[in-house]
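Novice: Starting off with a structure, shown below.
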Amino acid sequence: MPSTKNRITPKKRMYFHSELRQCPHCGTKLKRHHTAWHKYVNTLNGIFDIWNMAYACPNLECPYPGSYFRSAEADALVMKHTSYGFDVLALVGELRFKQHYTLSELHEELNRRGVVTSERNCERLYERYLTLLRASVTDHLREVLAGVVQAHGGLLLSMDGVQPEKGNETLYVVREGFSGSILAAQNLKSGSAEELKRLLEPVEKLGFPIIGLLSDGQHSIRLAMSSLWPEVPYQYCQYHYLKDIAKPVMDLDRKLKTGIKKNLRGIRSLEKKIQSDDSEEAAIAKDYLAAVRAVLLEDGNPPLDLPGIRVYEEALAIQGSLQRSAKKGGSPTVRNS
């Protein structure tokens, strides 16, 4: 008897039929003809055995013989040539773009949610998500870009690369600056000028005028952009420029933050002392300690919002509050006792 150890057991078998009951051409009642497709669909809610049944018009005099009608609801569950549902593809895109998951992290998260797959297949799922993304935004994107051209005379293109984890592929994203629209995005193992040029070529083929180019200091990005738009003005990203010139200040700010946090880390012994104390004074002390804990977790967004300065200002505010409390003689209960 064959082993069933590795056999996939679907959660439920589901049959889908055409939403049309009558032929749209002649009005004759449709009849079941064959199975349009049948597959196990892996979704976030489990694996389902899906059957999509095709229907045909039995009228021999129908003006459109040979037309087949199947379920649009079934087709909306899964992409062609894959067995993973659209909900899985949407999750892959969210985790990759919004949460910046690496492929290995994506693999672990999908399996944790019950979507059994391999790390290599996660890459294929991500590529399918990008295909869906491009297909879904093309028409709307053209309308948006046409509006930008009308308002500003052309598009402002920016390009940047994000590497979620050292040693992994880099996600390169091309955006339009005025509207914030994403024009292209792809994981690349190489950040060479030729690879980046291939990523930019579909943007050029959109046919809209380009009035400005923007990127960080990566030389290959600038070469790729200038090869396609040699006459368009190029500008080094102001944010990256500011980070570069502010580096000495950011280094000093980092030392300030480290020093302040080092002085504040001795609060653990104080927390232990008042842990079981239910008095009003202990409650106030616990509030102050919680505020100090919050300072230890504080961070900023350099170079304009320096984390060291933020930690210093908040620690100074806590110190000032403690000093004012000491001058008043503590809590009302203590003063009146």
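Chain labels follow the order of the structure tokens: the first chain is A, the next B, and so on; residue numbering restarts at 1 in every chain, and ligands are counted from 1 in their shown order.
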Run DSSP on the backbone and give me the residues of stretch 84-258 of chain A it puts in helix (DSSP H, G or I), as a PyMOL selection string.

Specialist: chain A and resi 86-98+103-112+119-152+193-205+219-228+238-245+247-258

Novice: Could you write out that same residue set with C-alpha atoms as a short mmCIF file (atom, residue, chain, number, x, y, z; two decimals), in the first residue's frame?

Specialist:
data_model
loop_
_atom_site.label_atom_id
_atom_site.label_comp_id
_atom_site.auth_asym_id
_atom_site.auth_seq_id
_atom_site.Cartn_x
_atom_site.Cartn_y
_atom_site.Cartn_z
CA PHE A 86 -3.89 35.90 -4.30
CA ASP A 87 -4.06 36.42 -0.51
CA VAL A 88 -0.65 34.73 -0.18
CA LEU A 89 0.80 36.91 -2.97
CA ALA A 90 -0.58 40.05 -1.30
CA LEU A 91 1.02 39.03 2.02
CA VAL A 92 4.34 38.39 0.28
CA GLY A 93 4.26 41.89 -1.20
CA GLU A 94 3.37 43.51 2.11
CA LEU A 95 6.10 41.70 4.04
CA ARG A 96 8.71 42.41 1.37
CA PHE A 97 7.88 46.06 0.62
CA LYS A 98 6.43 47.34 3.89
CA LEU A 103 13.75 36.00 1.56
CA SER A 104 14.75 33.77 4.47
CA GLU A 105 12.52 35.76 6.86
CA LEU A 106 9.71 35.62 4.33
CA HIS A 107 10.12 31.85 4.07
CA GLU A 108 9.94 31.46 7.86
CA GLU A 109 6.89 33.72 8.20
CA LEU A 110 4.89 31.95 5.47
CA ASN A 111 5.60 28.54 6.99
CA ARG A 112 4.71 29.90 10.43
CA GLU A 119 12.90 29.79 0.21
CA ARG A 120 13.43 29.48 -3.54
CA ASN A 121 9.69 29.44 -4.16
CA CYS A 122 9.31 32.58 -2.01
CA GLU A 123 11.38 34.39 -4.61
CA ARG A 124 9.03 33.15 -7.35
CA LEU A 125 6.01 34.30 -5.35
CA TYR A 126 7.57 37.73 -4.93
CA GLU A 127 8.21 37.95 -8.69
CA ARG A 128 4.55 37.08 -9.33
CA TYR A 129 3.51 39.81 -6.89
CA LEU A 130 5.58 42.32 -8.88
CA THR A 131 3.89 41.13 -12.08
CA LEU A 132 0.47 41.71 -10.51
CA LEU A 133 1.57 45.09 -9.21
CA ARG A 134 2.73 46.25 -12.63
CA ALA A 135 -0.47 45.00 -14.26
CA SER A 136 -2.74 46.65 -11.70
CA VAL A 137 -1.21 50.13 -11.73
CA THR A 138 -0.33 50.67 -15.41
CA ASP A 139 -3.56 52.36 -16.54
CA HIS A 140 -4.05 54.39 -13.37
CA LEU A 141 -0.36 55.29 -13.33
CA ARG A 142 -0.54 56.75 -16.82
CA GLU A 143 -3.36 59.04 -15.72
CA VAL A 144 -1.38 60.18 -12.68
CA LEU A 145 1.80 60.79 -14.69
CA ALA A 146 -0.12 62.67 -17.37
CA GLY A 147 -1.41 64.98 -14.63
CA VAL A 148 2.15 65.49 -13.32
CA VAL A 149 3.38 66.41 -16.81
CA GLN A 150 0.54 68.89 -17.21
CA ALA A 151 1.27 70.51 -13.84
CA HIS A 152 5.09 70.49 -13.89
CA ALA A 193 24.99 50.31 -14.38
CA GLU A 194 23.80 47.82 -17.02
CA GLU A 195 21.45 46.04 -14.60
CA LEU A 196 20.01 49.35 -13.41
CA LYS A 197 19.64 50.59 -16.97
CA ARG A 198 17.47 47.55 -17.78
CA LEU A 199 15.29 48.41 -14.79
CA LEU A 200 14.90 52.00 -16.04
CA GLU A 201 14.19 51.16 -19.68
CA PRO A 202 10.43 50.42 -19.16
CA VAL A 203 10.14 53.84 -17.51
CA GLU A 204 11.70 55.47 -20.57
CA LYS A 205 9.29 53.57 -22.82
CA HIS A 219 27.90 55.94 -9.19
CA SER A 220 26.23 53.08 -11.11
CA ILE A 221 22.78 54.68 -10.64
CA ARG A 222 24.01 57.96 -12.07
CA LEU A 223 25.62 56.18 -15.03
CA ALA A 224 22.40 54.24 -15.76
CA MET A 225 20.29 57.40 -15.63
CA SER A 226 22.66 59.49 -17.75
CA SER A 227 22.86 56.76 -20.42
CA LEU A 228 19.09 57.01 -20.98
CA GLN A 238 19.50 66.52 -0.56
CA TYR A 239 18.75 64.08 2.26
CA HIS A 240 21.85 61.99 1.52
CA TYR A 241 23.89 65.17 1.01
CA LEU A 242 22.76 66.48 4.38
CA LYS A 243 23.60 63.15 6.05
CA ASP A 244 27.09 63.26 4.59
CA ILE A 245 27.91 66.80 5.70
CA LYS A 247 28.30 63.02 9.79
CA PRO A 248 30.70 64.68 12.31
CA VAL A 249 27.70 66.07 14.21
CA MET A 250 25.94 62.69 14.11
CA ASP A 251 29.06 60.97 15.48
CA LEU A 252 29.14 63.39 18.44
CA ASP A 253 25.40 62.96 18.93
CA ARG A 254 25.85 59.16 19.02
CA LYS A 255 28.47 59.49 21.76
CA LEU A 256 26.16 61.80 23.72
CA LYS A 257 23.31 59.30 23.48
CA THR A 258 25.54 56.38 24.53
#

Novice: Taking 6 positions as the minimum chain separation for residues in the same chain, which residues sit within 12 Å of A:Leu316 when counting only C-alpha atoms? Answer as a list in words.

Specialist: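 Residues meeting the cut-off are Ile260, Leu264, Ala291, Val292, Val295, Ile309, Arg310, Leu322 and Gln323 of chain A.
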
Novice: Near A:Val162, within 9 Å and counting only C-alpha atoms, which residues show up once chain neighbours fewer than 6 positions away are dropped, as a list in words?

Specialist: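 After dropping sequence-adjacent residues, the list is His100, Glu169, Thr170, Leu171, Tyr172 and Val173 of chain A.
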
Novice: Per DSSP on the backbone, filter stretch 68-272 of chain A down to the residues in strand (DSSP E or B) and report them as a compact mmCIF listing (two decimals) with N, CA and C atoms, in the first residue's frame.

Specialist:
# COMPACT_ATOMS: atom_id res chain seq x y z
N TYR A 68 -16.98 29.37 -24.28
CA TYR A 68 -17.06 28.67 -22.99
C TYR A 68 -17.07 29.70 -21.87
N PHE A 69 -17.84 29.39 -20.82
CA PHE A 69 -18.00 30.31 -19.71
C PHE A 69 -17.65 29.59 -18.40
N VAL A 78 -6.89 32.46 -7.48
CA VAL A 78 -5.51 32.04 -7.71
C VAL A 78 -5.04 32.54 -9.08
N TYR A 84 -0.72 29.08 -5.47
CA TYR A 84 -0.83 29.92 -4.28
C TYR A 84 -1.85 31.02 -4.51
N GLY A 85 -2.74 31.20 -3.54
CA GLY A 85 -3.82 32.16 -3.68
C GLY A 85 -3.34 33.60 -3.74
N LEU A 155 8.39 64.69 -15.62
CA LEU A 155 8.53 63.85 -14.42
C LEU A 155 9.88 64.09 -13.75
N LEU A 156 9.89 63.91 -12.44
CA LEU A 156 11.13 63.96 -11.66
C LEU A 156 11.40 62.54 -11.16
N LEU A 157 12.44 61.90 -11.71
CA LEU A 157 12.73 60.51 -11.38
C LEU A 157 13.76 60.41 -10.28
N SER A 158 13.49 59.54 -9.31
CA SER A 158 14.46 59.24 -8.27
C SER A 158 14.65 57.73 -8.19
N MET A 159 15.85 57.31 -7.79
CA MET A 159 16.15 55.89 -7.71
C MET A 159 17.02 55.64 -6.49
N ASP A 160 16.69 54.56 -5.76
CA ASP A 160 17.46 54.22 -4.57
C ASP A 160 17.42 52.72 -4.37
N GLY A 161 18.39 52.20 -3.66
CA GLY A 161 18.45 50.77 -3.37
C GLY A 161 18.42 50.52 -1.88
N VAL A 162 17.67 49.49 -1.47
CA VAL A 162 17.56 49.11 -0.06
C VAL A 162 17.97 47.66 0.07
N THR A 170 19.57 43.39 -3.33
CA THR A 170 19.18 44.77 -3.05
C THR A 170 17.91 45.09 -3.82
N LEU A 171 16.94 45.68 -3.13
CA LEU A 171 15.70 46.10 -3.76
C LEU A 171 15.88 47.52 -4.29
N TYR A 172 15.87 47.67 -5.60
CA TYR A 172 15.97 48.99 -6.23
C TYR A 172 14.57 49.48 -6.60
N VAL A 173 14.28 50.72 -6.24
CA VAL A 173 12.96 51.30 -6.47
C VAL A 173 13.10 52.60 -7.24
N VAL A 174 12.29 52.76 -8.29
CA VAL A 174 12.26 53.99 -9.08
C VAL A 174 10.94 54.70 -8.78
N ARG A 175 11.03 55.96 -8.35
CA ARG A 175 9.84 56.73 -7.99
C ARG A 175 9.75 58.00 -8.84
N GLU A 176 8.52 58.49 -8.95
CA GLU A 176 8.30 59.81 -9.54
C GLU A 176 8.16 60.79 -8.38
N ILE A 182 5.41 54.82 -7.53
CA ILE A 182 6.48 53.85 -7.81
C ILE A 182 6.35 53.42 -9.27
N LEU A 183 7.41 53.64 -10.04
CA LEU A 183 7.40 53.31 -11.46
C LEU A 183 8.02 51.95 -11.75
N ALA A 184 8.94 51.52 -10.92
CA ALA A 184 9.60 50.22 -11.12
C ALA A 184 10.23 49.79 -9.81
N ALA A 185 10.30 48.49 -9.60
CA ALA A 185 10.94 47.93 -8.41
C ALA A 185 11.37 46.51 -8.72
N GLN A 186 12.58 46.17 -8.31
CA GLN A 186 13.08 44.82 -8.59
C GLN A 186 14.24 44.48 -7.67
N ASN A 187 14.30 43.21 -7.26
CA ASN A 187 15.45 42.71 -6.51
C ASN A 187 16.58 42.41 -7.47
N LEU A 188 17.76 42.92 -7.20
CA LEU A 188 18.90 42.70 -8.08
C LEU A 188 20.09 42.21 -7.27
N ILE A 210 11.05 63.81 -19.15
CA ILE A 210 11.75 63.79 -17.87
C ILE A 210 12.47 65.13 -17.69
N ILE A 211 12.23 65.81 -16.59
CA ILE A 211 12.84 67.14 -16.37
C ILE A 211 13.90 67.12 -15.28
N GLY A 212 14.04 66.00 -14.54
CA GLY A 212 15.05 65.95 -13.49
C GLY A 212 15.30 64.53 -13.03
N LEU A 213 16.55 64.28 -12.60
CA LEU A 213 16.97 62.97 -12.10
C LEU A 213 17.56 63.16 -10.71
N LEU A 214 17.28 62.18 -9.83
CA LEU A 214 17.70 62.31 -8.43
C LEU A 214 18.10 60.95 -7.89
N SER A 215 19.22 60.90 -7.16
CA SER A 215 19.64 59.64 -6.52
C SER A 215 20.65 59.94 -5.44
N TYR A 234 20.83 66.39 -13.41
CA TYR A 234 20.92 65.41 -12.33
C TYR A 234 21.23 66.13 -11.02
N GLN A 235 20.62 65.65 -9.94
CA GLN A 235 20.88 66.24 -8.62
C GLN A 235 21.13 65.15 -7.60
N TYR A 236 22.14 65.36 -6.77
CA TYR A 236 22.43 64.47 -5.65
C TYR A 236 21.36 64.69 -4.59

Novice: Excluding A:Phe48 and its own-chain neighbours fewer than 3 positions away, which residues fall within 9 Å of it when counting only C-alpha atoms? Please give them as a tab-separated table (two decimals) with C-alpha atoms, in the first residue's frame.

Specialist:
chain	number	residue	atom	x	y	z
A	9	THR	CA	-4.71	16.68	2.21
A	10	PRO	CA	-6.93	19.62	1.20
A	11	LYS	CA	-9.13	21.23	3.81
A	12	LYS	CA	-12.18	21.18	1.53
A	13	ARG	CA	-13.23	20.37	-2.03
A	14	MET	CA	-15.03	23.22	-3.79
A	39	LYS	CA	-5.82	22.43	-8.70
A	40	TYR	CA	-5.00	22.50	-5.00
A	41	VAL	CA	-4.89	26.16	-3.96
A	42	ASN	CA	-2.66	27.09	-1.01
A	43	THR	CA	-4.23	30.03	0.87
A	45	ASN	CA	-6.82	29.77	5.41

Novice: Between atom CA of A:Glu281 and atom CA of A:Arg268, what is the distance, to one decimal in Å?

Specialist: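 Spanning atom CA of A:Glu281 to atom CA of A:Arg268 is a straight-line distance of 17.6 Å.
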
Novice: In Å, how far is it from atom CA of A:Phe16 to atom CA of A:Trp51?

Specialist: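 Rounded to one decimal, the two atoms are 6.1 Å apart.
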
Novice: Nearest residue to A:Asp299 out of A:Lys286, A:Lys261, A:His33, A:Glu19, using only C-alpha atoms?

Specialist: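 Between A:Lys286, A:Lys261, A:His33, A:Glu19, the residue approaching A:Asp299 most closely is A:Lys261.
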